[in-house]
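Undergrad: Sending over upload_27.tsv (TSV, C-alpha atoms).
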```tsv
chain	number	residue	atom	x	y	z
J	176	GLY	CA	-10.69	-7.71	11.04
J	177	ALA	CA	-10.68	-4.17	9.72
J	178	VAL	CA	-12.24	-3.94	6.28
J	179	VAL	CA	-11.87	-1.14	3.76
J	180	SER	CA	-14.23	-1.04	0.81
J	181	GLN	CA	-13.28	0.83	-2.36
J	182	HIS	CA	-15.64	1.52	-5.25
J	183	PRO	CA	-15.76	1.29	-8.14
J	184	SER	CA	-13.24	-1.44	-8.84
J	185	ARG	CA	-12.91	-0.45	-12.47
J	186	VAL	CA	-13.79	2.63	-14.49
J	187	ILE	CA	-13.46	3.17	-18.21
J	188	CYS	CA	-14.46	6.61	-19.48
J	189	LYS	CA	-13.79	9.24	-22.07
J	190	SER	CA	-11.20	11.96	-21.77
J	191	GLY	CA	-12.55	15.04	-20.01
J	192	THR	CA	-14.82	13.11	-17.67
J	193	SER	CA	-14.57	13.53	-13.89
J	194	VAL	CA	-14.42	10.30	-11.92
J	195	LYS	CA	-15.20	9.82	-8.23
J	196	ILE	CA	-13.73	6.97	-6.22
J	197	GLU	CA	-15.04	6.10	-2.76
J	198	CYS	CA	-13.14	4.60	0.14
J	199	ARG	CA	-15.07	3.36	3.16
J	200	SER	CA	-13.97	1.85	6.43
J	201	LEU	CA	-16.69	-0.68	7.19
J	202	ASP	CA	-16.12	-1.69	10.79
J	203	PHE	CA	-13.96	1.03	12.26
J	204	GLN	CA	-13.64	4.77	12.26
J	205	ALA	CA	-10.77	6.27	10.33
J	206	THR	CA	-9.65	9.78	11.13
J	207	THR	CA	-6.95	9.43	8.52
J	208	MET	CA	-7.12	7.84	5.10
J	209	PHE	CA	-4.52	7.74	2.36
J	210	TRP	CA	-4.70	7.71	-1.42
J	211	TYR	CA	-2.03	5.96	-3.46
J	212	ARG	CA	-1.34	5.57	-7.13
J	213	GLN	CA	0.38	2.59	-8.67
J	214	PHE	CA	1.88	2.39	-12.14
J	215	PRO	CA	2.74	-0.99	-13.69
J	216	LYS	CA	5.87	-2.50	-12.17
J	217	LYS	CA	6.31	0.54	-9.94
J	218	SER	CA	5.98	1.21	-6.25
J	219	LEU	CA	2.81	2.53	-4.72
J	220	MET	CA	3.21	6.29	-4.51
J	221	LEU	CA	1.40	8.26	-1.84
J	222	MET	CA	-0.69	11.00	-3.42
J	223	ALA	CA	-2.31	12.59	-0.40
J	224	THR	CA	-3.30	12.17	3.21
J	225	SER	CA	-6.98	12.68	3.91
J	226	ASN	CA	-7.98	13.91	7.36
J	227	GLU	CA	-11.59	13.90	8.50
J	228	GLY	CA	-12.99	17.38	8.75
J	229	SER	CA	-9.97	19.16	7.33
J	230	LYS	CA	-8.16	19.72	4.07
J	231	ALA	CA	-6.13	16.93	2.57
J	232	THR	CA	-2.35	17.10	2.56
J	233	TYR	CA	-0.92	16.51	-0.90
J	234	GLU	CA	2.49	15.10	-1.71
J	235	GLN	CA	4.90	17.10	-3.78
J	236	GLY	CA	4.03	17.02	-7.45
J	237	VAL	CA	0.39	16.03	-6.98
J	238	GLU	CA	-2.06	18.60	-8.31
J	239	LYS	CA	-4.67	19.28	-5.66
J	240	ASP	CA	-7.05	20.85	-8.18
J	241	LYS	CA	-6.78	17.75	-10.33
J	242	PHE	CA	-7.26	15.22	-7.55
J	243	LEU	CA	-9.95	16.48	-5.21
J	244	ILE	CA	-10.19	14.72	-1.86
J	245	ASN	CA	-13.08	14.95	0.56
J	246	HIS	CA	-13.17	13.25	3.95
J	247	ALA	CA	-16.54	14.33	5.30
J	248	SER	CA	-17.08	11.51	7.79
J	249	LEU	CA	-15.04	9.10	9.87
J	250	THR	CA	-15.84	6.26	7.50
J	251	LEU	CA	-15.72	7.80	4.04
J	252	SER	CA	-13.13	9.53	1.89
J	253	THR	CA	-13.58	10.29	-1.79
J	254	LEU	CA	-11.07	11.01	-4.54
J	255	THR	CA	-12.32	12.83	-7.60
J	256	VAL	CA	-10.14	12.88	-10.67
J	257	THR	CA	-11.31	16.01	-12.46
J	258	SER	CA	-11.28	16.30	-16.25
J	259	ALA	CA	-9.41	13.03	-16.54
J	260	HIS	CA	-6.98	12.47	-19.38
J	261	PRO	CA	-5.24	9.31	-20.64
J	262	GLU	CA	-2.16	10.05	-18.52
J	263	ASP	CA	-4.36	9.76	-15.43
J	264	SER	CA	-4.99	6.11	-16.23
J	265	SER	CA	-3.62	4.11	-13.35
J	266	PHE	CA	-4.46	1.93	-10.37
J	267	TYR	CA	-5.64	3.98	-7.40
J	268	ILE	CA	-5.68	2.44	-3.91
J	269	CYS	CA	-6.92	3.88	-0.66
J	270	SER	CA	-6.04	2.91	2.87
J	271	ALA	CA	-7.47	3.74	6.25
J	272	LEU	CA	-5.60	4.09	9.50
J	273	GLU	CA	-7.18	2.34	12.46
J	274	GLY	CA	-6.28	4.54	15.38
J	275	SER	CA	-4.25	7.71	15.48
J	276	GLY	CA	-1.07	6.27	14.08
J	277	ALA	CA	0.80	7.30	17.19
J	278	GLN	CA	1.26	3.67	18.16
J	279	GLY	CA	2.35	2.60	14.71
J	280	GLU	CA	-0.92	0.92	13.85
J	281	ALA	CA	-1.36	-0.81	10.52
J	282	GLN	CA	-3.00	0.75	7.51
J	283	HIS	CA	-5.82	-1.28	5.96
J	284	PHE	CA	-6.13	-1.17	2.20
J	285	GLY	CA	-9.01	-1.24	-0.22
J	286	ASP	CA	-9.03	-3.44	-3.32
J	287	GLY	CA	-8.12	-0.57	-5.61
J	288	THR	CA	-9.71	1.10	-8.62
J	289	ARG	CA	-8.42	0.55	-12.14
J	290	LEU	CA	-9.02	3.80	-14.02
J	291	SER	CA	-8.76	3.77	-17.80
J	292	ILE	CA	-9.25	7.00	-19.72
J	293	LEU	CA	-9.82	6.63	-23.44
F	248	LYS	CA	14.53	10.76	1.60
F	249	GLN	CA	13.59	7.22	2.50
F	250	GLU	CA	14.06	4.64	-0.23
F	251	VAL	CA	12.98	1.02	-0.07
F	252	THR	CA	14.51	-1.68	-2.24
F	253	GLN	CA	13.32	-5.23	-2.67
F	254	ILE	CA	15.42	-8.03	-4.03
F	255	PRO	CA	14.83	-10.08	-6.08
F	256	ALA	CA	12.28	-8.41	-8.36
F	257	ALA	CA	10.93	-11.83	-9.30
F	258	LEU	CA	11.33	-15.32	-7.93
F	259	SER	CA	10.11	-18.68	-9.20
F	260	VAL	CA	10.31	-21.75	-6.96
F	261	PRO	CA	8.89	-25.27	-6.89
F	262	GLU	CA	6.13	-26.06	-4.44
F	263	GLY	CA	7.30	-27.00	-0.97
F	264	GLU	CA	10.46	-24.93	-1.04
F	265	ASN	CA	11.33	-22.51	1.74
F	266	LEU	CA	12.21	-19.04	0.52
F	267	VAL	CA	13.38	-15.63	1.66
F	268	LEU	CA	12.41	-12.23	0.31
F	269	ASN	CA	14.60	-9.25	1.07
F	270	CYS	CA	13.84	-5.63	1.80
F	271	SER	CA	16.28	-2.83	2.56
F	272	PHE	CA	15.69	0.80	3.49
F	273	THR	CA	18.05	3.75	3.51
F	274	ASP	CA	16.91	5.61	6.64
F	275	SER	CA	16.97	3.47	9.77
F	276	ALA	CA	14.76	5.92	11.69
F	277	ILE	CA	11.56	4.01	11.06
F	278	TYR	CA	8.42	3.61	13.10
F	279	ASN	CA	7.43	0.24	11.75
F	280	LEU	CA	7.76	-2.03	8.75
F	281	GLN	CA	4.99	-3.92	7.03
F	282	TRP	CA	4.91	-6.76	4.57
F	283	PHE	CA	1.96	-6.90	2.20
F	284	ARG	CA	0.69	-9.30	-0.40
F	285	GLN	CA	-0.84	-8.04	-3.65
F	286	ASP	CA	-2.63	-10.30	-6.09
F	287	PRO	CA	-2.90	-9.14	-9.74
F	288	GLY	CA	-5.31	-6.24	-10.12
F	289	LYS	CA	-6.10	-6.26	-6.43
F	290	GLY	CA	-5.40	-4.18	-3.38
F	291	LEU	CA	-3.01	-4.97	-0.57
F	292	THR	CA	-3.38	-7.52	2.17
F	293	SER	CA	-1.32	-6.87	5.27
F	294	LEU	CA	0.73	-9.92	6.24
F	295	LEU	CA	2.93	-8.81	9.09
F	296	LEU	CA	3.72	-5.57	10.90
F	297	ILE	CA	6.93	-5.19	12.88
F	298	GLN	CA	7.30	-2.27	15.25
F	299	SER	CA	10.71	-0.61	15.35
F	300	SER	CA	11.34	-2.08	18.80
F	301	GLN	CA	10.70	-5.63	17.61
F	302	ARG	CA	13.05	-8.04	15.86
F	303	GLU	CA	10.55	-10.38	14.26
F	304	GLN	CA	6.93	-11.36	13.81
F	305	THR	CA	5.41	-14.68	12.86
F	306	SER	CA	2.10	-15.67	11.34
F	307	GLY	CA	1.59	-19.24	10.27
F	308	ARG	CA	4.18	-20.12	7.62
F	309	LEU	CA	5.43	-16.54	7.47
F	310	ASN	CA	8.20	-15.03	9.53
F	311	ALA	CA	9.45	-11.49	9.13
F	312	SER	CA	12.61	-10.18	10.73
F	313	LEU	CA	13.80	-6.63	11.19
F	314	ASP	CA	17.33	-5.32	11.66
F	315	LYS	CA	16.73	-1.61	11.96
F	316	SER	CA	20.36	-0.63	12.41
F	317	SER	CA	21.38	-2.22	9.12
F	318	GLY	CA	18.19	-1.18	7.35
F	319	ARG	CA	17.08	-4.67	6.44
F	320	SER	CA	14.08	-6.94	6.72
F	321	THR	CA	13.43	-10.43	5.44
F	322	LEU	CA	10.21	-12.32	4.86
F	323	TYR	CA	10.60	-16.06	5.22
F	324	ILE	CA	7.95	-18.30	3.70
F	325	ALA	CA	8.05	-21.92	4.75
F	326	ALA	CA	6.80	-24.83	2.65
F	327	SER	CA	5.63	-22.61	-0.19
F	328	GLN	CA	2.36	-23.38	-1.98
F	329	PRO	CA	0.98	-22.34	-5.39
F	330	GLY	CA	-1.51	-20.15	-3.53
F	331	ASP	CA	1.40	-18.09	-2.23
F	332	SER	CA	2.00	-16.80	-5.76
F	333	ALA	CA	1.60	-13.02	-5.64
F	334	THR	CA	3.63	-9.85	-5.40
F	335	TYR	CA	5.03	-9.16	-1.95
F	336	LEU	CA	5.54	-5.55	-0.96
F	337	CYS	CA	7.61	-4.14	1.85
F	338	ALA	CA	6.79	-0.71	3.29
F	339	VAL	CA	8.25	1.41	6.07
F	340	SER	CA	6.70	4.12	8.16
F	341	SER	CA	9.04	6.90	9.19
F	342	GLN	CA	9.53	8.14	12.73
F	343	GLY	CA	8.19	11.41	14.02
F	344	GLY	CA	4.59	10.37	14.24
F	345	SER	CA	4.17	10.21	10.48
F	346	GLU	CA	1.91	7.47	9.24
F	347	LYS	CA	3.18	7.74	5.71
F	348	LEU	CA	4.32	4.50	4.14
F	349	VAL	CA	7.17	4.26	1.64
F	350	PHE	CA	6.91	1.16	-0.51
F	351	GLY	CA	9.38	-0.97	-2.37
F	352	LYS	CA	8.60	-2.13	-5.91
F	353	GLY	CA	7.84	-5.61	-4.71
F	354	THR	CA	8.96	-9.15	-5.39
F	355	LYS	CA	6.80	-11.18	-7.73
F	356	LEU	CA	6.69	-14.73	-6.43
F	357	THR	CA	5.60	-17.71	-8.50
F	358	VAL	CA	5.28	-21.08	-6.80
F	359	ASN	CA	5.08	-23.86	-9.35
F	360	PRO	CA	3.05	-26.99	-8.57
```
Just give me the structure of the file as C-alpha coordinates.
TA:
Amino acid sequence: GAVVSQHPSRVICKSGTSVKIECRSLDFQATTMFWYRQFPKKSLMLMATSNEGSKATYEQGVEKDKFLINHASLTLSTLTVTSAHPEDSSFYICSALEGSGAQGEAQHFGDGTRLSIL
Amino acid sequence: KQEVTQIPAALSVPEGENLVLNCSFTDSAIYNLQWFRQDPGKGLTSLLLIQSSQREQTSGRLNASLDKSSGRSTLYIAASQPGDSATYLCAVSSQGGSEKLVFGKGTKLTVNP
(Lines of atoms letter the chains of each structure in order from A and count residues from 1; the text may use other names and numbers.)
(Lines give C-alpha, C1' and ligand atoms only; values in the text may rest on other atoms or scores of the structure.)
Protein backbone atom coordinates (compact mmCIF):
# COMPACT_ATOMS: atom_id res chain seq x y z
CA GLY A 1 0.00 0.00 0.00
CA ALA A 2 0.88 3.66 -0.23
CA VAL A 3 3.42 4.68 2.39
CA VAL A 4 4.22 8.17 3.60
CA SER A 5 7.34 8.70 5.67
CA GLN A 6 7.65 11.72 7.95
CA HIS A 7 10.84 12.77 9.73
CA PRO A 8 11.79 13.52 12.37
CA SER A 9 9.23 11.91 14.64
CA ARG A 10 10.14 14.13 17.54
CA VAL A 11 12.01 17.40 17.92
CA ILE A 12 12.89 19.25 21.09
CA CYS A 13 14.69 22.56 20.63
CA LYS A 14 15.20 26.00 22.04
CA SER A 15 13.06 29.00 21.27
CA GLY A 16 14.24 30.86 18.17
CA THR A 17 15.41 27.74 16.35
CA SER A 18 14.11 26.88 12.88
CA VAL A 19 12.92 23.32 12.44
CA LYS A 20 12.48 21.42 9.17
CA ILE A 21 10.10 18.50 8.85
CA GLU A 22 10.17 16.20 5.82
CA CYS A 23 7.30 14.31 4.26
CA ARG A 24 8.05 11.68 1.63
CA SER A 25 5.82 9.45 -0.43
CA LEU A 26 7.81 6.23 -0.71
CA ASP A 27 6.05 4.21 -3.38
CA PHE A 28 3.95 6.70 -5.29
CA GLN A 29 4.18 10.17 -6.71
CA ALA A 30 2.26 12.89 -4.95
CA THR A 31 1.46 16.08 -6.80
CA THR A 32 -0.36 17.32 -3.74
CA MET A 33 0.60 17.02 -0.11
CA PHE A 34 -1.05 18.50 2.95
CA TRP A 35 0.24 19.73 6.29
CA TYR A 36 -1.91 19.50 9.39
CA ARG A 37 -1.52 20.58 12.97
CA GLN A 38 -3.11 18.83 15.91
CA PHE A 39 -3.51 20.21 19.41
CA PRO A 40 -4.34 17.89 22.33
CA LYS A 41 -7.96 16.76 22.27
CA LYS A 42 -8.62 18.86 19.17
CA SER A 43 -9.31 18.11 15.54
CA LEU A 44 -6.59 18.01 12.95
CA MET A 45 -6.50 21.44 11.36
CA LEU A 46 -5.31 21.87 7.80
CA MET A 47 -2.48 24.38 7.65
CA ALA A 48 -1.63 24.38 3.97
CA THR A 49 -1.83 22.52 0.70
CA SER A 50 1.51 21.84 -0.94
CA ASN A 51 1.60 21.53 -4.72
CA GLU A 52 4.65 20.24 -6.54
CA GLY A 53 6.39 22.97 -8.46
CA SER A 54 4.22 25.81 -7.23
CA LYS A 55 3.56 27.89 -4.15
CA ALA A 56 1.70 26.37 -1.25
CA THR A 57 -1.84 27.45 -0.47
CA TYR A 58 -2.24 28.45 3.16
CA GLU A 59 -5.42 28.29 5.21
CA GLN A 60 -6.78 31.40 6.78
CA GLY A 61 -4.88 32.38 9.89
CA VAL A 62 -1.72 30.43 9.06
CA GLU A 63 1.35 32.62 8.67
CA LYS A 64 3.12 31.69 5.46
CA ASP A 65 6.34 33.39 6.55
CA LYS A 66 6.29 31.39 9.76
CA PHE A 67 5.55 28.02 8.19
CA LEU A 68 7.57 27.70 5.00
CA ILE A 69 6.55 24.90 2.67
CA ASN A 70 8.58 23.56 -0.21
CA HIS A 71 7.42 20.83 -2.58
CA ALA A 72 10.34 20.52 -4.95
CA SER A 73 9.71 16.98 -6.17
CA LEU A 74 6.83 14.57 -6.61
CA THR A 75 7.89 12.62 -3.55
CA LEU A 76 9.03 15.24 -1.05
CA SER A 77 7.47 18.18 0.74
CA THR A 78 9.10 20.02 3.62
CA LEU A 79 7.65 22.24 6.33
CA THR A 80 10.01 24.64 8.05
CA VAL A 81 8.88 26.27 11.25
CA THR A 82 10.95 29.44 11.34
CA SER A 83 12.10 31.01 14.60
CA ALA A 84 9.96 28.60 16.58
CA HIS A 85 8.43 29.67 19.88
CA PRO A 86 6.72 27.66 22.64
CA GLU A 87 3.28 28.36 21.14
CA ASP A 88 4.40 26.49 18.01
CA SER A 89 4.72 23.31 20.04
CA SER A 90 2.28 20.84 18.57
CA PHE A 91 1.88 17.63 16.61
CA TYR A 92 2.39 18.17 12.89
CA ILE A 93 1.17 15.58 10.39
CA CYS A 94 1.57 15.45 6.64
CA SER A 95 -0.45 13.58 4.08
CA ALA A 96 0.01 12.81 0.42
CA LEU A 97 -2.68 12.47 -2.19
CA GLU A 98 -2.32 9.48 -4.48
CA GLY A 99 -3.73 10.69 -7.75
CA SER A 100 -5.23 14.03 -8.66
CA GLY A 101 -8.01 13.98 -6.13
CA ALA A 102 -10.56 14.30 -8.89
CA GLN A 103 -11.80 10.78 -8.21
CA GLY A 104 -11.95 11.27 -4.47
CA GLU A 105 -8.84 9.24 -3.76
CA ALA A 106 -7.68 8.72 -0.21
CA GLN A 107 -5.01 10.76 1.49
CA HIS A 108 -2.17 8.77 3.05
CA PHE A 109 -0.75 10.09 6.28
CA GLY A 110 2.69 10.15 7.82
CA ASP A 111 3.32 9.22 11.45
CA GLY A 112 3.55 12.83 12.55
CA THR A 113 6.19 14.99 14.21
CA ARG A 114 5.95 16.02 17.85
CA LEU A 115 7.53 19.47 18.10
CA SER A 116 8.41 20.80 21.54
CA ILE A 117 9.90 24.27 21.85
CA LEU A 118 11.50 25.08 25.18
CA LYS B 1 -18.38 26.17 6.66
CA GLN B 2 -18.26 22.41 7.05
CA GLU B 3 -18.25 21.13 10.62
CA VAL B 4 -17.79 17.53 11.68
CA THR B 5 -18.97 16.20 15.02
CA GLN B 6 -18.22 12.84 16.55
CA ILE B 7 -20.19 11.29 19.34
CA PRO B 8 -19.31 9.99 21.86
CA ALA B 9 -15.99 11.66 22.65
CA ALA B 10 -14.92 8.56 24.55
CA LEU B 11 -16.20 5.02 24.81
CA SER B 12 -15.14 2.11 27.00
CA VAL B 13 -16.43 -1.40 26.28
CA PRO B 14 -15.61 -4.96 27.30
CA GLU B 15 -13.84 -7.19 24.82
CA GLY B 16 -16.12 -8.95 22.36
CA GLU B 17 -18.79 -6.28 22.30
CA ASN B 18 -20.10 -4.83 19.06
CA LEU B 19 -20.07 -1.04 18.96
CA VAL B 20 -21.03 1.94 16.85
CA LEU B 21 -19.24 5.24 16.48
CA ASN B 22 -21.11 8.22 15.11
CA CYS B 23 -20.10 11.06 12.85
CA SER B 24 -22.23 13.94 11.60
CA PHE B 25 -21.44 16.76 9.20
CA THR B 26 -23.25 20.01 8.53
CA ASP B 27 -22.86 20.34 4.75
CA SER B 28 -24.14 17.34 2.83
CA ALA B 29 -22.29 18.36 -0.35
CA ILE B 30 -19.36 16.06 0.26
CA TYR B 31 -17.06 14.23 -2.09
CA ASN B 32 -16.19 11.40 0.23
CA LEU B 33 -15.93 10.45 3.88
CA GLN B 34 -13.07 8.65 5.54
CA TRP B 35 -12.66 6.90 8.85
CA PHE B 36 -9.19 6.87 10.36
CA ARG B 37 -7.55 5.28 13.34
CA GLN B 38 -4.96 7.17 15.39
CA ASP B 39 -2.86 5.52 18.07
CA PRO B 40 -1.35 7.76 20.80
CA GLY B 41 1.45 9.93 19.45
CA LYS B 42 1.09 8.45 16.00
CA GLY B 43 -0.19 9.46 12.61
CA LEU B 44 -3.40 8.35 10.95
CA THR B 45 -4.23 5.01 9.45
CA SER B 46 -7.01 5.05 6.89
CA LEU B 47 -9.66 2.44 7.69
CA LEU B 48 -12.43 3.01 5.20
CA LEU B 49 -13.26 5.52 2.48
CA ILE B 50 -16.82 5.97 1.28
CA GLN B 51 -17.47 7.89 -1.92
CA SER B 52 -20.49 10.19 -1.90
CA SER B 53 -22.32 7.82 -4.25
CA GLN B 54 -21.86 4.86 -1.92
CA ARG B 55 -23.89 3.85 1.11
CA GLU B 56 -21.39 1.67 2.92
CA GLN B 57 -17.98 0.05 2.90
CA THR B 58 -16.73 -3.01 4.73
CA SER B 59 -13.29 -4.19 5.74
CA GLY B 60 -12.99 -7.19 8.00
CA ARG B 61 -14.77 -6.43 11.28
CA LEU B 62 -15.39 -2.83 10.27
CA ASN B 63 -18.41 -1.50 8.46
CA ALA B 64 -18.98 2.16 7.68
CA SER B 65 -22.25 3.57 6.44
CA LEU B 66 -23.01 6.92 4.88
CA ASP B 67 -26.29 8.81 4.73
CA LYS B 68 -25.30 11.92 2.85
CA SER B 69 -28.72 13.54 2.87
CA SER B 70 -28.93 13.48 6.65
CA GLY B 71 -25.24 14.25 7.11
CA ARG B 72 -24.41 11.13 9.06
CA SER B 73 -21.99 8.25 9.04
CA THR B 74 -21.48 5.36 11.42
CA LEU B 75 -18.54 3.06 11.99
CA TYR B 76 -19.54 -0.35 13.24
CA ILE B 77 -16.90 -2.51 14.89
CA ALA B 78 -17.82 -6.13 15.42
CA ALA B 79 -16.43 -8.35 18.16
CA SER B 80 -14.15 -5.65 19.55
CA GLN B 81 -10.64 -6.53 20.72
CA PRO B 82 -8.18 -4.75 23.04
CA GLY B 83 -6.07 -4.02 19.96
CA ASP B 84 -8.92 -1.88 18.63
CA SER B 85 -8.24 0.64 21.40
CA ALA B 86 -7.37 3.93 19.69
CA THR B 87 -8.91 7.22 18.67
CA TYR B 88 -11.16 7.00 15.64
CA LEU B 89 -11.44 10.06 13.43
CA CYS B 90 -14.02 10.88 10.82
CA ALA B 91 -13.20 13.29 7.99
CA VAL B 92 -15.11 14.61 5.00
CA SER B 93 -13.88 15.97 1.72
CA SER B 94 -16.01 18.71 0.22
CA GLN B 95 -17.35 18.73 -3.31
CA GLY B 96 -16.01 20.93 -6.06
CA GLY B 97 -12.82 19.02 -6.65
CA SER B 98 -11.33 20.07 -3.33
CA GLU B 99 -9.21 17.46 -1.64
CA LYS B 100 -9.31 19.23 1.68
CA LEU B 101 -10.39 17.12 4.62
CA VAL B 102 -12.36 18.45 7.57
CA PHE B 103 -11.91 16.32 10.66
CA GLY B 104 -13.99 15.64 13.72
CA LYS B 105 -12.36 15.61 17.16
CA GLY B 106 -12.49 11.86 17.30
CA THR B 107 -13.84 9.15 19.56
CA LYS B 108 -11.39 7.60 21.97
CA LEU B 109 -12.18 3.90 22.20
CA THR B 110 -10.96 1.65 24.99
CA VAL B 111 -11.63 -2.07 24.75
CA ASN B 112 -11.08 -3.76 28.08
CA PRO B 113 -9.84 -7.37 28.18
Undergrad: Given only C-alpha atoms as the basis, pick out the residue of F:Ser341, F:Gln301, F:Ser320, F:Asn310 nearest to Ile254 of chain F.
TA: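 Of all the options, F:Ser320 lies closest to Ile254 of chain F.
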Undergrad: Could you give me, as a tab-separated table, every chain J residue with an atom at most 8 Å from chain F, plus its closest atom pair and distance in Å to one decimal, counting all atoms listed in the file, rows ordered by chain then number?
TA:
```
residue	atom	partner	partner_atom	distance
J:Lys216	CA	F:Lys352	CA	6.8
J:Lys217	CA	F:Lys352	CA	5.3
J:Ser218	CA	F:Lys352	CA	4.3
J:Leu219	CA	F:Phe350	CA	6.0
J:Met220	CA	F:Phe350	CA	7.5
J:Leu221	CA	F:Leu348	CA	7.6
J:Ile268	CA	F:Gly290	CA	6.6
J:Gly276	CA	F:Glu346	CA	5.8
J:Ala277	CA	F:Gly344	CA	5.7
J:Gly279	CA	F:Asn279	CA	6.3
J:Ala281	CA	F:Leu296	CA	7.0
J:His283	CA	F:Ser293	CA	7.2
J:Phe284	CA	F:Leu291	CA	5.6
J:Gly285	CA	F:Gly290	CA	5.6
J:Asp286	CA	F:Gly290	CA	3.7
J:Gly287	CA	F:Gly290	CA	5.0
J:Arg289	CA	F:Gly288	CA	7.7
```
Undergrad: Please indicate the distance in Å from atom CA of Val179 of chain J to atom CA of Ser200 of chain J, rounded to one decimal place.
TA: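 So the answer is 4.5 Å.
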Undergrad: What separation in Å, quoted to one decimal, exists between atom CA of Gly236 of chain J and atom CA of Pro261 of chain J?
TA: 17.9 Å
Undergrad: Place a sphere of radius 9 Å on (5.3, -28.0, -5.4) in the file coordinates and name every protein, DNA or RNA residue with an atom inside or on its surface, counting all atoms listed in the file; give the answer as a ChimeraX atom specification.
TA: /F:260-264,326-329,358-360
Undergrad: With 3 Å of padding per side, what axis-aligned box (centre and edge lengths, Å, one decimal) covers all the listed atoms of segment 320-334 of chain F? Give it as AutoDock Vina command-line options.
TA:
```
--center_x 6.3 --center_y -15.9 --center_z 0.5 --size_x 21.6 --size_y 23.9 --size_z 18.5
```
Undergrad: Skipping near chain neighbours, those fewer than 2 positions away, what residues fall within 7 Å of Leu249 of chain J using all atoms listed in the file, listed as a list in words?
TA: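 The residues satisfying every condition are Gln204, Ala205, Thr206, Glu227 and Leu251 of chain J.
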Undergrad: Measuring between all atoms listed in the file, which one of J:Val194, J:Leu272, J:Met222, J:Val237 shows the shortest distance to Thr250 of chain J?
TA: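 Closest to Thr250 of chain J, using all atoms listed in the file: J:Leu272.
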Undergrad: Please measure the separation of atom CA of Tyr323 of chain F and atom CA of Ser180 of chain J, giving the value in Å to one decimal.
TA: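 Pair atom CA of Tyr323 of chain F / atom CA of Ser180 of chain J returns 29.4 Å.
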Undergrad: Please determine, counting all atoms listed in the file, which residue among J:Ser265, J:Ser258, J:Ser248, J:Gln282 has the shortest atom-to-atom distance to Ser184 of chain J.
TA: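 Closest residue, counting all atoms listed in the file: J:Ser265.
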Undergrad: Between J:Gln181, J:Ser252, J:Cys188, J:Asp202, which is the closest to Ala223 of chain J once you count all atoms listed in the file?
TA: J:Ser252
Undergrad: Please provide the set of residues having any atom within 6 Å of segment 313-316 of chain F, restricted to only C-alpha atoms, with same-chain residues fewer than 4 positions apart removed, written as a list in words.
TA: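 So, after excluding close chain neighbours, the residues are Ser275, Arg302, Glu303 and Ser320 of chain F.
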Undergrad: At a cut-off of 12 Å, using all atoms listed in the file, what residues contact Leu243 of chain J? Leave out same-chain residues fewer than 2 positions from it and give the result as JSON, numbers by chain.
TA: {"J": [193, 194, 195, 196, 197, 210, 222, 223, 224, 225, 230, 231, 232, 233, 237, 238, 239, 240, 241, 245, 246, 252, 253, 254, 255, 256, 257, 258, 259]}
